[in-house]
Amino acid sequence: MANQRDTAEQLYSLIANEEDARTCKDISDDACKEVPRNFFLILGSLVLTKLGDLLISPKTVLAWLLGAVGAPGLVAWLVPIRESGSLIPQMVIGAWVRQKPVRKWFWIGGSLGQAASVAAMAASVWFLEGNAAGLGVIGALVVFSLARGFCSVAMKDIQGKTVPKTRRGRLSGLATTLGGSATVALTFLLFWNQGDPSTGFYVTLLGLAAVLWLIAAVLFSGIEEEPGETGGGGHALQEAFRSLSLLRDDPPFRHFVITRALLLCSALASPYFVLLAQQQGESGWLLGGFLLASSLASSVSASVWGWMADKSSRQVMIRGAAIASGVCLGVGGLNLYYGGNLQSAWFYPVAFFILGIAHAGVRLGRKTYLVDMAGGNKRTDYTAVSNTVIGVLLLVTGGLSALASLISATAVIILLGLMGALGTVSALRMKEVE
């Protein structure tokens, strides 16, 4: 055990780029002693769950799966349920989590819930057919998203209690980089020259993802978390609605939520890049290009964004938003100029890759900013309220995008690019928190 602790401290000192691996900021002295070990346990858990996310991606794997089982009409519900289902209930989840001094068990329970949900998806596909199988996948995805909500709320609070303030960005960046690198290898291994995968292939894929979440839960159980502040001992729903007053009474937090809402452009635009590409190229080889672009974007950029976020998460948000806005406006403008007939369909995976880099920056920057701007019990409230509001806005924005897509996918991309430009301006007006 002592040797493991020494090894963890040596590796952590290399990552932290400091002689004393126990230099801490914003956490207690007792928690500081466990930082190296906790850092790597959280890192391992995050890498495994990020890899699992690839294997059940609603934009790729689950969408193809529903088509394969004969339920293509249900594909439109995948992304909204996957995203909003984990965000909207978080005020209630946050109020409940806040009442417990140790919160790692919420993350563990959420990880086990995601494993069970993915296993239920595999069972639905194996034992059912057509719309029945599709509805089974959708139902399991609802439970999956709710379980993910527990992990999202608990993680930011646990990270805030176990990892020093100037090391959280590189933890998230390393997790994304390692997860992205693993997905590149897995993409080649599973999808290269695959053609049209069989139902058995998808069931195996889902089973592997479920195992990854199980292992992540086991790793996370080893984290040494000190009891934190508790408050709001009343009913969770009452506490949840009371937390909404933060939007009225806390101007910096309100500004952050508005900025985050505008920066949804980096997440919402990517499916329309795929849609435009499908209209011009052969979907088979383009699909592999998009999968690789998505994986590489995370692996090559996240650690860089993470180190930058430890210096200024606000600057990371600004740069990511500016890049996302520029890519969207560039793709939309070129499509208008060429009448939707670009010479090379590979243009879209390249643009998708750049958008992925921008989204990684936006995502990592706003996560680090939120953790650093709040301390103690406020961190859980901030996470829950912002995620719930964003979940509702995601549904609204997704609905507006669907209406705009009736005109053209290019129109949606341009509108999202303008939205990102406003987000960049809004981020410029935010205060530094490091």
# chains A, B, ... in the order shown; residues from 1 in each chain; ligands from 1
call {"tool": "residues_around", "arguments": {"residues": "Gly149 (chain A)", "least_positions_apart": "2", "cutoff": "8 Å", "atoms": "only C-alpha atoms", "output": "NGL selection string"}}
result
:A and (85-87 or 89-90 or 93 or 110 or 145-147 or 151-153)
call {"tool": "closest_atom_pairs", "arguments": {"of": "region 301-377 of chain A", "to": "region 254-269 of chain A", "cutoff": "8 Å", "atoms": "only C-alpha atoms", "output": "JSON lines"}}
result
{"residue": "A:Ala321", "atom": "CA", "partner": "A:Leu263", "partner_atom": "CA", "distance": 6.4}
{"residue": "A:Ala324", "atom": "CA", "partner": "A:Ser266", "partner_atom": "CA", "distance": 5.7}
{"residue": "A:Ser325", "atom": "CA", "partner": "A:Cys265", "partner_atom": "CA", "distance": 7.7}
{"residue": "A:Cys328", "atom": "CA", "partner": "A:Ala269", "partner_atom": "CA", "distance": 7.4}
{"residue": "A:Leu355", "atom": "CA", "partner": "A:Ser266", "partner_atom": "CA", "distance": 6.7}
{"residue": "A:Gly356", "atom": "CA", "partner": "A:Ser266", "partner_atom": "CA", "distance": 7.9}
{"residue": "A:Ala358", "atom": "CA", "partner": "A:Ser266", "partner_atom": "CA", "distance": 7.1}
{"residue": "A:His359", "atom": "CA", "partner": "A:Ser266", "partner_atom": "CA", "distance": 5.2}
{"residue": "A:Val362", "atom": "CA", "partner": "A:Leu263", "partner_atom": "CA", "distance": 7.3}
{"residue": "A:Arg366", "atom": "CA", "partner": "A:Arg260", "partner_atom": "CA", "distance": 7.2}
call {"tool": "closest_residue", "arguments": {"among": "A:Asp53, A:Ile81, A:Pro58, A:Phe352", "to": "Leu395 (chain A)", "atoms": "only C-alpha atoms"}}
result
A:Ile81
call {"tool": "residues_around", "arguments": {"residues": "Phe220 (chain A)", "least_positions_apart": "5", "cutoff": "7 Å", "atoms": "only C-alpha atoms", "output": "mmCIF file with N, CA and C atoms, in the first residue's frame"}}
result
data_model
loop_
_atom_site.group_PDB
_atom_site.id
_atom_site.type_symbol
_atom_site.label_atom_id
_atom_site.label_comp_id
_atom_site.auth_asym_id
_atom_site.auth_seq_id
_atom_site.Cartn_x
_atom_site.Cartn_y
_atom_site.Cartn_z
ATOM 1 N N LEU A 41 -7.562 7.627 -9.215
ATOM 2 C CA LEU A 41 -8.812 6.864 -9.167
ATOM 3 C C LEU A 41 -9.919 7.592 -9.935
ATOM 4 N N ILE A 42 -10.000 8.900 -9.756
ATOM 5 C CA ILE A 42 -10.986 9.679 -10.520
ATOM 6 C C ILE A 42 -10.641 9.646 -11.999
ATOM 7 N N SER A 45 -11.642 6.294 -13.522
ATOM 8 C CA SER A 45 -13.100 6.183 -13.634
ATOM 9 C C SER A 45 -13.620 7.009 -14.802
ATOM 10 N N ILE A 108 -21.198 6.458 -7.578
ATOM 11 C CA ILE A 108 -21.116 5.002 -7.749
ATOM 12 C C ILE A 108 -22.480 4.437 -8.137
#
call {"tool": "atom_distance", "arguments": {"atom1": "CA of Tyr337 (chain A)", "atom2": "CA of Ile414 (chain A)"}}
result
12.8 Å
call {"tool": "residues_around", "arguments": {"residues": "Thr183 (chain A)", "least_positions_apart": "2", "cutoff": "12 Å", "atoms": "only C-alpha atoms", "output": "ChimeraX atom specification"}}
result
/A:47-55,57,176-181,185-191,291-299
call {"tool": "write_last_selection", "arguments": {"atoms": "C-alpha atoms", "output": "PDB file, in the first residue's frame"}}
result
ATOM      1  CA  VAL A  47     -11.545   7.428 -18.813  1.00  0.00           C
ATOM      2  CA  LEU A  48     -13.668   4.268 -18.580  1.00  0.00           C
ATOM      3  CA  THR A  49     -16.964   6.175 -18.648  1.00  0.00           C
ATOM      4  CA  LYS A  50     -15.825   8.340 -21.571  1.00  0.00           C
ATOM      5  CA  LEU A  51     -14.987   5.173 -23.495  1.00  0.00           C
ATOM      6  CA  GLY A  52     -18.403   3.762 -22.602  1.00  0.00           C
ATOM      7  CA  ASP A  53     -20.012   6.951 -23.892  1.00  0.00           C
ATOM      8  CA  LEU A  54     -18.459   6.317 -27.312  1.00  0.00           C
ATOM      9  CA  LEU A  55     -19.807   2.776 -27.436  1.00  0.00           C
ATOM     10  CA  SER A  57     -23.224   7.343 -28.643  1.00  0.00           C
ATOM     11  CA  THR A 176     -10.631  13.343 -22.124  1.00  0.00           C
ATOM     12  CA  THR A 177      -7.280  12.885 -23.878  1.00  0.00           C
ATOM     13  CA  LEU A 178      -6.807   9.310 -22.661  1.00  0.00           C
ATOM     14  CA  GLY A 179     -10.442   8.468 -23.384  1.00  0.00           C
ATOM     15  CA  GLY A 180     -10.166  10.010 -26.844  1.00  0.00           C
ATOM     16  CA  SER A 181      -6.947   8.109 -27.597  1.00  0.00           C
ATOM     17  CA  ALA A 185      -7.839   2.614 -31.247  1.00  0.00           C
ATOM     18  CA  LEU A 186     -11.266   1.128 -30.575  1.00  0.00           C
ATOM     19  CA  THR A 187     -12.733   2.757 -33.681  1.00  0.00           C
ATOM     20  CA  PHE A 188     -10.098   1.094 -35.870  1.00  0.00           C
ATOM     21  CA  LEU A 189     -10.510  -2.214 -34.062  1.00  0.00           C
ATOM     22  CA  LEU A 190     -14.305  -2.401 -34.171  1.00  0.00           C
ATOM     23  CA  PHE A 191     -15.396  -0.410 -37.216  1.00  0.00           C
ATOM     24  CA  LEU A 291     -15.852   8.735 -35.757  1.00  0.00           C
ATOM     25  CA  LEU A 292     -12.119   9.304 -36.043  1.00  0.00           C
ATOM     26  CA  ALA A 293     -12.564  13.083 -36.142  1.00  0.00           C
ATOM     27  CA  SER A 294     -14.583  12.997 -32.945  1.00  0.00           C
ATOM     28  CA  SER A 295     -12.066  10.808 -31.113  1.00  0.00           C
ATOM     29  CA  LEU A 296      -8.987  12.657 -32.337  1.00  0.00           C
ATOM     30  CA  ALA A 297     -10.430  16.064 -31.498  1.00  0.00           C
ATOM     31  CA  SER A 298     -10.701  15.077 -27.838  1.00  0.00           C
ATOM     32  CA  SER A 299      -7.382  13.262 -27.608  1.00  0.00           C
TER      33      SER A 299
END
call {"tool": "residues_around", "arguments": {"residues": "Ser301 (chain A)", "least_positions_apart": "6", "cutoff": "8 Å", "atoms": "only C-alpha atoms", "output": "list in words"}}
result
Thr177, Ile357, Ala360 and Gly361 of chain A
call {"tool": "decode", "arguments": {"residues": "region 33-183 of chain A", "atoms": "C-alpha atoms", "output": "JSON list (two decimals), in the first residue's frame"}}
result
[["chain", "number", "residue", "atom", "x", "y", "z"],
["A", 33, "LYS", "CA", -2.60, 13.88, 1.82],
["A", 34, "GLU", "CA", -4.87, 11.73, -0.39],
["A", 35, "VAL", "CA", -4.69, 13.90, -3.52],
["A", 36, "PRO", "CA", -2.34, 11.73, -5.67],
["A", 37, "ARG", "CA", -4.29, 8.51, -5.06],
["A", 38, "ASN", "CA", -7.68, 10.18, -5.48],
["A", 39, "PHE", "CA", -6.46, 11.94, -8.64],
["A", 40, "PHE", "CA", -5.69, 8.66, -10.40],
["A", 41, "LEU", "CA", -8.81, 6.86, -9.17],
["A", 42, "ILE", "CA", -10.99, 9.68, -10.52],
["A", 43, "LEU", "CA", -8.91, 9.75, -13.71],
["A", 44, "GLY", "CA", -9.36, 6.02, -14.30],
["A", 45, "SER", "CA", -13.10, 6.18, -13.63],
["A", 46, "LEU", "CA", -13.55, 9.10, -16.04],
["A", 47, "VAL", "CA", -11.54, 7.43, -18.81],
["A", 48, "LEU", "CA", -13.67, 4.27, -18.58],
["A", 49, "THR", "CA", -16.96, 6.17, -18.65],
["A", 50, "LYS", "CA", -15.83, 8.34, -21.57],
["A", 51, "LEU", "CA", -14.99, 5.17, -23.49],
["A", 52, "GLY", "CA", -18.40, 3.76, -22.60],
["A", 53, "ASP", "CA", -20.01, 6.95, -23.89],
["A", 54, "LEU", "CA", -18.46, 6.32, -27.31],
["A", 55, "LEU", "CA", -19.81, 2.78, -27.44],
["A", 56, "ILE", "CA", -23.40, 3.96, -26.90],
["A", 57, "SER", "CA", -23.22, 7.34, -28.64],
["A", 58, "PRO", "CA", -26.78, 8.44, -29.62],
["A", 59, "LYS", "CA", -25.41, 10.26, -32.66],
["A", 60, "THR", "CA", -23.78, 7.13, -34.06],
["A", 61, "VAL", "CA", -24.14, 3.70, -32.47],
["A", 62, "LEU", "CA", -27.67, 3.93, -31.05],
["A", 63, "ALA", "CA", -28.99, 5.67, -34.16],
["A", 64, "TRP", "CA", -27.65, 2.91, -36.40],
["A", 65, "LEU", "CA", -28.88, 0.30, -33.94],
["A", 66, "LEU", "CA", -32.50, 1.52, -34.07],
["A", 67, "GLY", "CA", -32.33, 1.46, -37.85],
["A", 68, "ALA", "CA", -30.96, -2.08, -37.77],
["A", 69, "VAL", "CA", -33.78, -3.39, -35.57],
["A", 70, "GLY", "CA", -36.47, -1.71, -37.67],
["A", 71, "ALA", "CA", -37.31, 1.34, -35.52],
["A", 72, "PRO", "CA", -35.87, 4.31, -37.47],
["A", 73, "GLY", "CA", -38.79, 6.54, -36.49],
["A", 74, "LEU", "CA", -37.50, 6.64, -32.89],
["A", 75, "VAL", "CA", -34.05, 7.96, -33.79],
["A", 76, "ALA", "CA", -35.14, 11.59, -33.37],
["A", 77, "TRP", "CA", -35.67, 11.04, -29.62],
["A", 78, "LEU", "CA", -32.17, 9.76, -28.83],
["A", 79, "VAL", "CA", -30.14, 12.96, -28.42],
["A", 80, "PRO", "CA", -32.83, 15.02, -26.59],
["A", 81, "ILE", "CA", -33.43, 12.22, -24.08],
["A", 82, "ARG", "CA", -29.72, 11.52, -23.64],
["A", 83, "GLU", "CA", -28.88, 15.15, -22.88],
["A", 84, "SER", "CA", -31.97, 16.68, -21.25],
["A", 85, "GLY", "CA", -32.90, 13.59, -19.26],
["A", 86, "SER", "CA", -29.69, 13.91, -17.26],
["A", 87, "LEU", "CA", -29.86, 17.70, -16.86],
["A", 88, "ILE", "CA", -33.45, 18.71, -16.09],
["A", 89, "PRO", "CA", -33.91, 16.76, -12.79],
["A", 90, "GLN", "CA", -30.63, 17.99, -11.33],
["A", 91, "MET", "CA", -32.11, 20.62, -9.01],
["A", 92, "VAL", "CA", -33.94, 17.85, -7.16],
["A", 93, "ILE", "CA", -30.93, 15.55, -7.34],
["A", 94, "GLY", "CA", -28.65, 18.35, -6.15],
["A", 95, "ALA", "CA", -30.84, 19.11, -3.13],
["A", 96, "TRP", "CA", -30.78, 15.43, -2.17],
["A", 97, "VAL", "CA", -27.03, 15.05, -2.67],
["A", 98, "ARG", "CA", -26.40, 18.18, -0.60],
["A", 99, "GLN", "CA", -27.97, 16.56, 2.47],
["A", 100, "LYS", "CA", -25.27, 13.87, 2.60],
["A", 101, "PRO", "CA", -21.75, 14.66, 3.88],
["A", 102, "VAL", "CA", -20.11, 11.98, 1.68],
["A", 103, "ARG", "CA", -21.22, 12.06, -1.95],
["A", 104, "LYS", "CA", -19.10, 9.49, -3.75],
["A", 105, "TRP", "CA", -21.82, 6.86, -3.29],
["A", 106, "PHE", "CA", -24.15, 8.91, -5.48],
["A", 107, "TRP", "CA", -21.60, 8.74, -8.29],
["A", 108, "ILE", "CA", -21.12, 5.00, -7.75],
["A", 109, "GLY", "CA", -24.88, 4.43, -7.77],
["A", 110, "GLY", "CA", -25.18, 6.49, -10.94],
["A", 111, "SER", "CA", -22.44, 4.46, -12.63],
["A", 112, "LEU", "CA", -24.12, 1.17, -11.65],
["A", 113, "GLY", "CA", -27.43, 2.56, -12.92],
["A", 114, "GLN", "CA", -25.85, 3.38, -16.28],
["A", 115, "ALA", "CA", -24.36, -0.12, -16.48],
["A", 116, "ALA", "CA", -27.77, -1.69, -15.79],
["A", 117, "SER", "CA", -29.45, 0.59, -18.36],
["A", 118, "VAL", "CA", -26.98, -0.29, -21.10],
["A", 119, "ALA", "CA", -27.41, -4.00, -20.29],
["A", 120, "ALA", "CA", -31.19, -3.49, -20.64],
["A", 121, "MET", "CA", -30.61, -1.94, -24.08],
["A", 122, "ALA", "CA", -28.64, -5.02, -25.12],
["A", 123, "ALA", "CA", -31.41, -7.31, -23.82],
["A", 124, "SER", "CA", -34.07, -5.33, -25.71],
["A", 125, "VAL", "CA", -32.18, -5.67, -28.97],
["A", 126, "TRP", "CA", -31.46, -9.37, -28.44],
["A", 127, "PHE", "CA", -34.94, -10.51, -27.38],
["A", 128, "LEU", "CA", -37.25, -8.02, -29.16],
["A", 129, "GLU", "CA", -37.73, -6.77, -32.70],
["A", 130, "GLY", "CA", -38.93, -3.67, -34.51],
["A", 131, "ASN", "CA", -40.55, -0.86, -32.55],
["A", 132, "ALA", "CA", -40.70, -3.03, -29.41],
["A", 133, "ALA", "CA", -36.91, -3.26, -29.41],
["A", 134, "GLY", "CA", -36.65, 0.45, -30.18],
["A", 135, "LEU", "CA", -38.97, 1.39, -27.32],
["A", 136, "GLY", "CA", -36.93, -0.83, -25.01],
["A", 137, "VAL", "CA", -33.78, 1.07, -25.97],
["A", 138, "ILE", "CA", -35.55, 4.43, -25.50],
["A", 139, "GLY", "CA", -36.91, 3.40, -22.09],
["A", 140, "ALA", "CA", -33.47, 2.23, -20.95],
["A", 141, "LEU", "CA", -31.97, 5.49, -22.24],
["A", 142, "VAL", "CA", -34.35, 7.48, -20.00],
["A", 143, "VAL", "CA", -33.08, 5.57, -16.95],
["A", 144, "PHE", "CA", -29.51, 5.94, -18.20],
["A", 145, "SER", "CA", -29.88, 9.72, -18.42],
["A", 146, "LEU", "CA", -31.33, 9.98, -14.92],
["A", 147, "ALA", "CA", -28.46, 7.89, -13.51],
["A", 148, "ARG", "CA", -26.03, 10.12, -15.38],
["A", 149, "GLY", "CA", -27.56, 13.12, -13.61],
["A", 150, "PHE", "CA", -26.45, 11.75, -10.23],
["A", 151, "CYS", "CA", -22.90, 11.31, -11.55],
["A", 152, "SER", "CA", -22.81, 14.84, -12.96],
["A", 153, "VAL", "CA", -23.91, 16.54, -9.73],
["A", 154, "ALA", "CA", -21.74, 14.40, -7.46],
["A", 155, "MET", "CA", -18.57, 14.55, -9.58],
["A", 156, "LYS", "CA", -18.08, 18.31, -9.44],
["A", 157, "ASP", "CA", -18.52, 18.32, -5.67],
["A", 158, "ILE", "CA", -16.21, 15.34, -5.11],
["A", 159, "GLN", "CA", -13.59, 16.80, -7.44],
["A", 160, "GLY", "CA", -13.82, 20.09, -5.54],
["A", 161, "LYS", "CA", -13.15, 18.30, -2.24],
["A", 162, "THR", "CA", -10.38, 15.92, -3.37],
["A", 163, "VAL", "CA", -8.38, 17.74, -6.09],
["A", 164, "PRO", "CA", -6.63, 21.13, -5.59],
["A", 165, "LYS", "CA", -8.04, 24.17, -7.34],
["A", 166, "THR", "CA", -5.18, 24.53, -9.84],
["A", 167, "ARG", "CA", -5.19, 20.83, -10.84],
["A", 168, "ARG", "CA", -8.83, 20.22, -11.77],
["A", 169, "GLY", "CA", -8.53, 21.39, -15.35],
["A", 170, "ARG", "CA", -5.68, 19.04, -16.17],
["A", 171, "LEU", "CA", -7.55, 16.14, -14.52],
["A", 172, "SER", "CA", -10.50, 16.66, -16.87],
["A", 173, "GLY", "CA", -8.15, 17.28, -19.78],
["A", 174, "LEU", "CA", -6.12, 14.11, -19.17],
["A", 175, "ALA", "CA", -9.30, 12.03, -18.81],
["A", 176, "THR", "CA", -10.63, 13.34, -22.12],
["A", 177, "THR", "CA", -7.28, 12.88, -23.88],
["A", 178, "LEU", "CA", -6.81, 9.31, -22.66],
["A", 179, "GLY", "CA", -10.44, 8.47, -23.38],
["A", 180, "GLY", "CA", -10.17, 10.01, -26.84],
["A", 181, "SER", "CA", -6.95, 8.11, -27.60],
["A", 182, "ALA", "CA", -8.58, 4.84, -26.51],
["A", 183, "THR", "CA", -11.58, 5.52, -28.72]]
